[in-house]
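Below is one structure, written out as structure tokens; the observations come after it.
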Amino acid sequence: MGTARTVPHHIAIVMDGNGRWATKRFLPRVAGHKKGLDVLRACVRHCGDLGVKVLTVFAFSSENWNRPADEVSGLMELLAAALSREVPQLQAEGVRIHFVGDRSALSEKVRSGLAQAEALTAGNHRLVFNVCFNYGGRWDITQAAAQLAARGGEAITELSLSRAMALAHVPDPDLVIRTGGELRISNFLLWQAAYSELYFSDKLWPEFDAAALDKAIADYSRRERRFGRTSEQLAPSARANRKAA
Ligand code: IPE
Ligand code: IPE
Ligand code: MG
């Protein structure tokens, strides 16, 4: 082991900064989202190559409906176009796609596209790719609690609530990255990020390339994850690994 880098099993990303990237170039904000999609495509590939097992991205928040109507419709169109254009390549790369969020507000066309993409890639195991769309951490906790209440009779425990949450199919994220320079969580994985390592980058999402991701992972591999314990309690090998990194 020695200097080997620890690659996170699950990386989650708040892909922020598309609008500013476009505005700096005198382009419409939607052009920034388009560029952001190109960067996301490369990021998925790089994660697969590195051996990351789960990638979760924040693509559209419950609060993003409050944006100007033309930006919201541009984002919906981009999602619809991505569904038809990107899915065959994801399939070829062994990526299993999941959509996470409240689908009830999405158009029938988009909803059937999401379901088809999930069904087509359901047998893939190289990388699980969760796209959070019309997602909010508060929505997730609320819908999980509502499920338990509707089922009735089930004890409310951390485990039962976790199992009703939208990301129950994957372990919690090891590393949460936010690009775009803002130091906030913006209603992303409120429950699941309880013990995630946080990494903030000043790079705007359309500038976040493979080297930037490598840098975030290198930073992560130097962290000591204690989960409430003391440093001395951790396995000696884990400590030695950290010192060597
Ligand atoms: C993130 O980029 C993408 C979405 C929220 C859909 P922004 O559009 O928030 O970009 P900035 O933060 O305005 O630069
Ligand atoms: C968070 O970015 C949501 C996504 C990246 C999809 P925002 O740009 O919406 O967050 P705030 O409004 O700056 O907190
Ligand atoms: Mg933003």
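Identifiers in this document derive from the order of the structure tokens: chains are assigned A, B, ..., residues are numbered from 1 separately in each chain, and ligands are numbered from 1 in order of occurrence.
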
Residues of chain A that approach ligand 2 to 10 Å or less, counting only C-alpha atoms and all ligand atoms: could you list each one with the shortest pair of atoms and its distance in Å to one decimal, rows by chain and increasing residue number, as a tab-separated table?
residue	atom	partner	partner_atom_place_in_ligand_line	distance
A:Ile13	CA	ligand 2	5 (C)	8.1
A:Val14	CA	ligand 2	5 (C)	4.7
A:Met15	CA	ligand 2	5 (C)	4.6
A:Asp16	CA	ligand 2	5 (C)	4.5
A:Gly17	CA	ligand 2	8 (O)	7.0
A:Asn18	CA	ligand 2	8 (O)	8.6
A:Gly19	CA	ligand 2	8 (O)	8.4
A:Arg20	CA	ligand 2	8 (O)	9.9
A:Val57	CA	ligand 2	6 (C)	8.0
A:Phe58	CA	ligand 2	6 (C)	4.5
A:Ala59	CA	ligand 2	6 (C)	4.0
A:Phe60	CA	ligand 2	6 (C)	3.9
A:Ser61	CA	ligand 2	6 (C)	4.9
A:Ser62	CA	ligand 2	3 (C)	8.5
A:Glu63	CA	ligand 2	9 (O)	6.7
A:Asn64	CA	ligand 2	9 (O)	5.6
A:Trp65	CA	ligand 2	9 (O)	9.4
A:Asn66	CA	ligand 2	9 (O)	9.4
A:Arg67	CA	ligand 2	9 (O)	8.9
A:Val131	CA	ligand 2	6 (C)	10.0
A:Cys132	CA	ligand 2	6 (C)	7.9
A:Phe133	CA	ligand 2	6 (C)	7.6
A:Asn134	CA	ligand 2	6 (C)	8.5
A:Tyr135	CA	ligand 2	6 (C)	8.4
A:Gly136	CA	ligand 2	3 (C)	9.0
A:Arg178	CA	ligand 2	5 (C)	8.3
A:Thr179	CA	ligand 2	5 (C)	8.7
A:Gly180	CA	ligand 2	8 (O)	8.6
A:Gly181	CA	ligand 2	13 (O)	9.6
A:Glu182	CA	ligand 2	13 (O)	6.9
A:Leu183	CA	ligand 2	14 (O)	8.9
A:Arg184	CA	ligand 2	14 (O)	6.7
A:Ile185	CA	ligand 2	14 (O)	7.2
A:Ser186	CA	ligand 2	14 (O)	4.5
A:Asn187	CA	ligand 2	1 (C)	7.7
A:Phe188	CA	ligand 2	3 (C)	7.5
A:Trp205	CA	ligand 2	5 (C)	9.1

For segment 47-53 of chain A, please output as a JSON list (two decimals) with all heavy atoms, in the first residue's frame all residues within 7 Å (counting only C-alpha atoms; exclusion window: fewer than 4 positions along the same chain).
[["chain", "number", "residue", "atom", "x", "y", "z"],
["A", 7, "VAL", "N", -9.07, 5.64, -3.35],
["A", 7, "VAL", "CA", -10.11, 6.13, -4.26],
["A", 7, "VAL", "C", -11.45, 5.99, -3.55],
["A", 7, "VAL", "O", -11.77, 4.91, -3.06],
["A", 7, "VAL", "CB", -10.10, 5.34, -5.59],
["A", 7, "VAL", "CG1", -11.27, 5.74, -6.47],
["A", 7, "VAL", "CG2", -8.78, 5.57, -6.32],
["A", 8, "PRO", "N", -12.22, 7.07, -3.47],
["A", 8, "PRO", "CA", -13.52, 6.97, -2.80],
["A", 8, "PRO", "C", -14.42, 5.97, -3.53],
["A", 8, "PRO", "O", -14.43, 5.92, -4.76],
["A", 8, "PRO", "CB", -14.09, 8.38, -2.91],
["A", 8, "PRO", "CG", -13.00, 9.26, -3.42],
["A", 8, "PRO", "CD", -11.97, 8.39, -4.04],
["A", 9, "HIS", "N", -15.17, 5.23, -2.76],
["A", 9, "HIS", "CA", -16.15, 4.31, -3.36],
["A", 9, "HIS", "C", -17.27, 5.12, -4.03],
["A", 9, "HIS", "O", -17.70, 4.83, -5.13],
["A", 9, "HIS", "CB", -16.70, 3.41, -2.25],
["A", 9, "HIS", "CG", -17.68, 2.39, -2.73],
["A", 9, "HIS", "ND1", -17.32, 1.12, -3.09],
["A", 9, "HIS", "CD2", -19.03, 2.46, -2.91],
["A", 9, "HIS", "CE1", -18.39, 0.45, -3.48],
["A", 9, "HIS", "NE2", -19.44, 1.24, -3.37],
["A", 10, "HIS", "N", -17.73, 6.15, -3.31],
["A", 10, "HIS", "CA", -18.87, 6.95, -3.77],
["A", 10, "HIS", "C", -18.51, 8.44, -3.73],
["A", 10, "HIS", "O", -18.21, 8.98, -2.67],
["A", 10, "HIS", "CB", -20.07, 6.66, -2.86],
["A", 10, "HIS", "CG", -21.33, 7.39, -3.23],
["A", 10, "HIS", "ND1", -22.52, 7.19, -2.56],
["A", 10, "HIS", "CD2", -21.60, 8.32, -4.19],
["A", 10, "HIS", "CE1", -23.46, 7.98, -3.09],
["A", 10, "HIS", "NE2", -22.92, 8.68, -4.08],
["A", 43, "CYS", "N", -16.40, 13.31, -16.85],
["A", 43, "CYS", "CA", -16.27, 12.97, -15.43],
["A", 43, "CYS", "C", -16.74, 11.53, -15.17],
["A", 43, "CYS", "O", -16.09, 10.78, -14.43],
["A", 43, "CYS", "CB", -17.07, 13.98, -14.61],
["A", 43, "CYS", "SG", -17.01, 13.71, -12.84],
["A", 126, "ARG", "N", -20.30, -1.63, -13.66],
["A", 126, "ARG", "CA", -18.99, -0.97, -13.55],
["A", 126, "ARG", "C", -19.10, 0.28, -12.68],
["A", 126, "ARG", "O", -18.28, 0.51, -11.81],
["A", 126, "ARG", "CB", -18.48, -0.62, -14.95],
["A", 126, "ARG", "CG", -17.06, -0.10, -14.96],
["A", 126, "ARG", "CD", -16.41, -0.31, -16.32],
["A", 126, "ARG", "NE", -15.09, 0.26, -16.33],
["A", 126, "ARG", "CZ", -14.80, 1.44, -16.87],
["A", 126, "ARG", "NH1", -15.75, 2.18, -17.42],
["A", 126, "ARG", "NH2", -13.57, 1.89, -16.85],
["A", 127, "LEU", "N", -20.10, 1.09, -12.93],
["A", 127, "LEU", "CA", -20.30, 2.34, -12.18],
["A", 127, "LEU", "C", -21.80, 2.60, -12.05],
["A", 127, "LEU", "O", -22.54, 2.51, -13.03],
["A", 127, "LEU", "CB", -19.64, 3.50, -12.95],
["A", 127, "LEU", "CG", -19.85, 4.91, -12.38],
["A", 127, "LEU", "CD1", -19.06, 5.11, -11.09],
["A", 127, "LEU", "CD2", -19.42, 5.98, -13.39],
["A", 128, "VAL", "N", -22.23, 2.91, -10.83],
["A", 128, "VAL", "CA", -23.61, 3.36, -10.62],
["A", 128, "VAL", "C", -23.60, 4.89, -10.72],
["A", 128, "VAL", "O", -22.81, 5.56, -10.04],
["A", 128, "VAL", "CB", -24.14, 2.92, -9.24],
["A", 128, "VAL", "CG1", -25.50, 3.55, -8.97],
["A", 128, "VAL", "CG2", -24.22, 1.40, -9.15]]

Of the candidates A:Ala122, A:Leu83, A:Met76, A:Ala145, which one gets nearest to Leu106 of chain A if we count only C-alpha atoms? A:Met76

Go through segment 93-228 of chain A and collect every residue that DSSP, computed from the backbone, puts in strand (DSSP E); the answer should be as a PyMOL selection string. chain A and resi 95-100+127-135+175-178+197-200

Could the residues in this selection be written to a file with N, CA, C and O atoms, as a PDB file, in the first residue's frame?
ATOM      1  N   VAL A  95     -22.234   1.513 -17.441  1.00  0.00           N
ATOM      2  CA  VAL A  95     -22.744   2.421 -16.398  1.00  0.00           C
ATOM      3  C   VAL A  95     -24.232   2.153 -16.160  1.00  0.00           C
ATOM      4  O   VAL A  95     -25.019   2.080 -17.102  1.00  0.00           O
ATOM      5  N   ARG A  96     -24.575   2.025 -14.902  1.00  0.00           N
ATOM      6  CA  ARG A  96     -25.983   1.864 -14.524  1.00  0.00           C
ATOM      7  C   ARG A  96     -26.520   3.201 -14.059  1.00  0.00           C
ATOM      8  O   ARG A  96     -25.990   3.798 -13.115  1.00  0.00           O
ATOM      9  N   ILE A  97     -27.558   3.690 -14.704  1.00  0.00           N
ATOM     10  CA  ILE A  97     -28.070   5.023 -14.380  1.00  0.00           C
ATOM     11  C   ILE A  97     -29.332   4.939 -13.513  1.00  0.00           C
ATOM     12  O   ILE A  97     -30.162   4.045 -13.707  1.00  0.00           O
ATOM     13  N   HIS A  98     -29.404   5.839 -12.546  1.00  0.00           N
ATOM     14  CA  HIS A  98     -30.592   5.966 -11.687  1.00  0.00           C
ATOM     15  C   HIS A  98     -30.966   7.435 -11.646  1.00  0.00           C
ATOM     16  O   HIS A  98     -30.083   8.279 -11.495  1.00  0.00           O
ATOM     17  N   PHE A  99     -32.248   7.732 -11.710  1.00  0.00           N
ATOM     18  CA  PHE A  99     -32.678   9.108 -11.491  1.00  0.00           C
ATOM     19  C   PHE A  99     -33.269   9.216 -10.096  1.00  0.00           C
ATOM     20  O   PHE A  99     -34.042   8.360  -9.670  1.00  0.00           O
ATOM     21  N   VAL A 100     -32.848  10.248  -9.409  1.00  0.00           N
ATOM     22  CA  VAL A 100     -33.209  10.420  -8.014  1.00  0.00           C
ATOM     23  C   VAL A 100     -33.890  11.772  -7.875  1.00  0.00           C
ATOM     24  O   VAL A 100     -33.298  12.797  -8.218  1.00  0.00           O
ATOM     25  N   LEU A 127     -20.102   1.092 -12.930  1.00  0.00           N
ATOM     26  CA  LEU A 127     -20.299   2.340 -12.184  1.00  0.00           C
ATOM     27  C   LEU A 127     -21.797   2.602 -12.050  1.00  0.00           C
ATOM     28  O   LEU A 127     -22.536   2.513 -13.030  1.00  0.00           O
ATOM     29  N   VAL A 128     -22.228   2.910 -10.834  1.00  0.00           N
ATOM     30  CA  VAL A 128     -23.607   3.365 -10.622  1.00  0.00           C
ATOM     31  C   VAL A 128     -23.597   4.891 -10.717  1.00  0.00           C
ATOM     32  O   VAL A 128     -22.811   5.559 -10.045  1.00  0.00           O
ATOM     33  N   PHE A 129     -24.451   5.429 -11.574  1.00  0.00           N
ATOM     34  CA  PHE A 129     -24.482   6.866 -11.839  1.00  0.00           C
ATOM     35  C   PHE A 129     -25.858   7.400 -11.446  1.00  0.00           C
ATOM     36  O   PHE A 129     -26.850   7.135 -12.125  1.00  0.00           O
ATOM     37  N   ASN A 130     -25.905   8.115 -10.328  1.00  0.00           N
ATOM     38  CA  ASN A 130     -27.166   8.684  -9.841  1.00  0.00           C
ATOM     39  C   ASN A 130     -27.284  10.133 -10.280  1.00  0.00           C
ATOM     40  O   ASN A 130     -26.408  10.944  -9.953  1.00  0.00           O
ATOM     41  N   VAL A 131     -28.338  10.439 -10.990  1.00  0.00           N
ATOM     42  CA  VAL A 131     -28.572  11.821 -11.419  1.00  0.00           C
ATOM     43  C   VAL A 131     -29.705  12.391 -10.565  1.00  0.00           C
ATOM     44  O   VAL A 131     -30.852  11.935 -10.661  1.00  0.00           O
ATOM     45  N   CYS A 132     -29.368  13.358  -9.713  1.00  0.00           N
ATOM     46  CA  CYS A 132     -30.382  13.977  -8.856  1.00  0.00           C
ATOM     47  C   CYS A 132     -31.045  15.108  -9.628  1.00  0.00           C
ATOM     48  O   CYS A 132     -30.413  16.122  -9.936  1.00  0.00           O
ATOM     49  N   PHE A 133     -32.293  14.925  -9.933  1.00  0.00           N
ATOM     50  CA  PHE A 133     -33.016  15.884 -10.773  1.00  0.00           C
ATOM     51  C   PHE A 133     -34.374  16.136 -10.123  1.00  0.00           C
ATOM     52  O   PHE A 133     -35.116  15.200  -9.850  1.00  0.00           O
ATOM     53  N   ASN A 134     -34.697  17.397  -9.941  1.00  0.00           N
ATOM     54  CA  ASN A 134     -35.821  17.789  -9.089  1.00  0.00           C
ATOM     55  C   ASN A 134     -35.679  17.078  -7.745  1.00  0.00           C
ATOM     56  O   ASN A 134     -36.601  16.457  -7.233  1.00  0.00           O
ATOM     57  N   TYR A 135     -34.484  17.192  -7.209  1.00  0.00           N
ATOM     58  CA  TYR A 135     -34.121  16.574  -5.947  1.00  0.00           C
ATOM     59  C   TYR A 135     -33.872  17.649  -4.891  1.00  0.00           C
ATOM     60  O   TYR A 135     -33.318  18.717  -5.200  1.00  0.00           O
ATOM     61  N   LEU A 175     -17.058  11.167  -0.450  1.00  0.00           N
ATOM     62  CA  LEU A 175     -16.539  12.491  -0.792  1.00  0.00           C
ATOM     63  C   LEU A 175     -17.639  13.291  -1.477  1.00  0.00           C
ATOM     64  O   LEU A 175     -18.242  12.810  -2.442  1.00  0.00           O
ATOM     65  N   VAL A 176     -17.915  14.481  -0.975  1.00  0.00           N
ATOM     66  CA  VAL A 176     -18.861  15.400  -1.634  1.00  0.00           C
ATOM     67  C   VAL A 176     -18.063  16.598  -2.140  1.00  0.00           C
ATOM     68  O   VAL A 176     -17.386  17.277  -1.360  1.00  0.00           O
ATOM     69  N   ILE A 177     -18.135  16.831  -3.419  1.00  0.00           N
ATOM     70  CA  ILE A 177     -17.420  17.937  -4.060  1.00  0.00           C
ATOM     71  C   ILE A 177     -18.431  19.003  -4.453  1.00  0.00           C
ATOM     72  O   ILE A 177     -19.500  18.681  -4.977  1.00  0.00           O
ATOM     73  N   ARG A 178     -18.102  20.269  -4.199  1.00  0.00           N
ATOM     74  CA  ARG A 178     -18.904  21.347  -4.772  1.00  0.00           C
ATOM     75  C   ARG A 178     -17.978  22.254  -5.553  1.00  0.00           C
ATOM     76  O   ARG A 178     -17.019  22.799  -5.003  1.00  0.00           O
ATOM     77  N   GLU A 197     -16.632  13.403   3.510  1.00  0.00           N
ATOM     78  CA  GLU A 197     -15.593  14.432   3.449  1.00  0.00           C
ATOM     79  C   GLU A 197     -16.048  15.481   2.436  1.00  0.00           C
ATOM     80  O   GLU A 197     -16.529  15.138   1.353  1.00  0.00           O
ATOM     81  N   LEU A 198     -15.894  16.750   2.782  1.00  0.00           N
ATOM     82  CA  LEU A 198     -16.360  17.831   1.900  1.00  0.00           C
ATOM     83  C   LEU A 198     -15.164  18.467   1.200  1.00  0.00           C
ATOM     84  O   LEU A 198     -14.116  18.679   1.816  1.00  0.00           O
ATOM     85  N   TYR A 199     -15.343  18.763  -0.068  1.00  0.00           N
ATOM     86  CA  TYR A 199     -14.267  19.389  -0.848  1.00  0.00           C
ATOM     87  C   TYR A 199     -14.888  20.486  -1.703  1.00  0.00           C
ATOM     88  O   TYR A 199     -15.835  20.236  -2.459  1.00  0.00           O
ATOM     89  N   PHE A 200     -14.362  21.690  -1.549  1.00  0.00           N
ATOM     90  CA  PHE A 200     -14.896  22.828  -2.316  1.00  0.00           C
ATOM     91  C   PHE A 200     -13.852  23.303  -3.312  1.00  0.00           C
ATOM     92  O   PHE A 200     -12.674  23.461  -2.956  1.00  0.00           O
TER      93      PHE A 200
END

May I have the residues within 9 Å of Leu75 of chain A as a list in words, using only C-alpha atoms and disregarding those fewer than 6 positions away in the same chain?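 Listed by chain and then number, they are Val30, His33, Lys34 and Phe60 of chain A.
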
Pick out each residue of segment 8-232 of chain A that DSSP on the backbone tags as helix (DSSP H, G or I); I need them as a ChimeraX atom specification. /A:18-24,29-50,62-66,69-92,103-105,108-121,137-151,158-164,205-207,210-221,231-232

Name the closest residue to Leu37 of chain A among the candidates A:Gly137, A:Pro206, A:Gly113, A:Pro68; distances are taken between atoms, counting only C-alpha atoms.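 With only C-alpha atoms as the atom set, the closest residue is A:Pro206.
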
Using only C-alpha atoms, find the one residue out of A:Ala117, A:Ile141, A:Ser196, A:Glu154 that sits nearest to Pro88 of chain A. A:Ala117

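Nearest residue to ligand 3 among A:Arg29, A:His46, A:Lys215, A:Lys24 is A:Arg29, counting only C-alpha atoms and all ligand atoms.
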
Smallest atom-to-atom distance to Ala31 of chain A: which of A:Val54, A:Leu78, A:Ala119, A:Ala194, using only C-alpha atoms? A:Leu78

With only C-alpha atoms and all ligand atoms as the basis for distance, which of A:Thr142, A:Ser107, A:Ala12, A:Gly32 is at the shortest distance from ligand 3?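 Smallest separation from ligand 3 among the options: A:Gly32.
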
Atom-to-atom span, atom CA of Leu161 of chain A and atom CA of Ala115 of chain A, Å: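 We find that atom CA of Leu161 of chain A and atom CA of Ala115 of chain A lie 24.3 Å from each other.
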
Could you give me, as a list in words, the residues within 8 Å of Met165 of chain A, counting only C-alpha atoms and dropping anything in the same chain fewer than 3 positions from it? Asp140, Ile141, Gln143, Ala144, Leu161, Ser162 and Ala168 of chain A

Store the residues picked out above, limited to C-alpha atoms, as a short mmCIF file (atom, residue, chain, number, x, y, z; two decimals), in the first residue's frame.
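Final output, selection.cif:
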data_model
loop_
_atom_site.label_atom_id
_atom_site.label_comp_id
_atom_site.auth_asym_id
_atom_site.auth_seq_id
_atom_site.Cartn_x
_atom_site.Cartn_y
_atom_site.Cartn_z
CA ASP A 140 -36.02 12.98 0.34
CA ILE A 141 -36.28 12.85 4.13
CA GLN A 143 -40.88 11.29 1.31
CA ALA A 144 -39.09 8.57 3.28
CA LEU A 161 -35.66 5.64 7.31
CA SER A 162 -32.40 5.09 5.38
CA ALA A 168 -31.00 3.43 -0.46
#
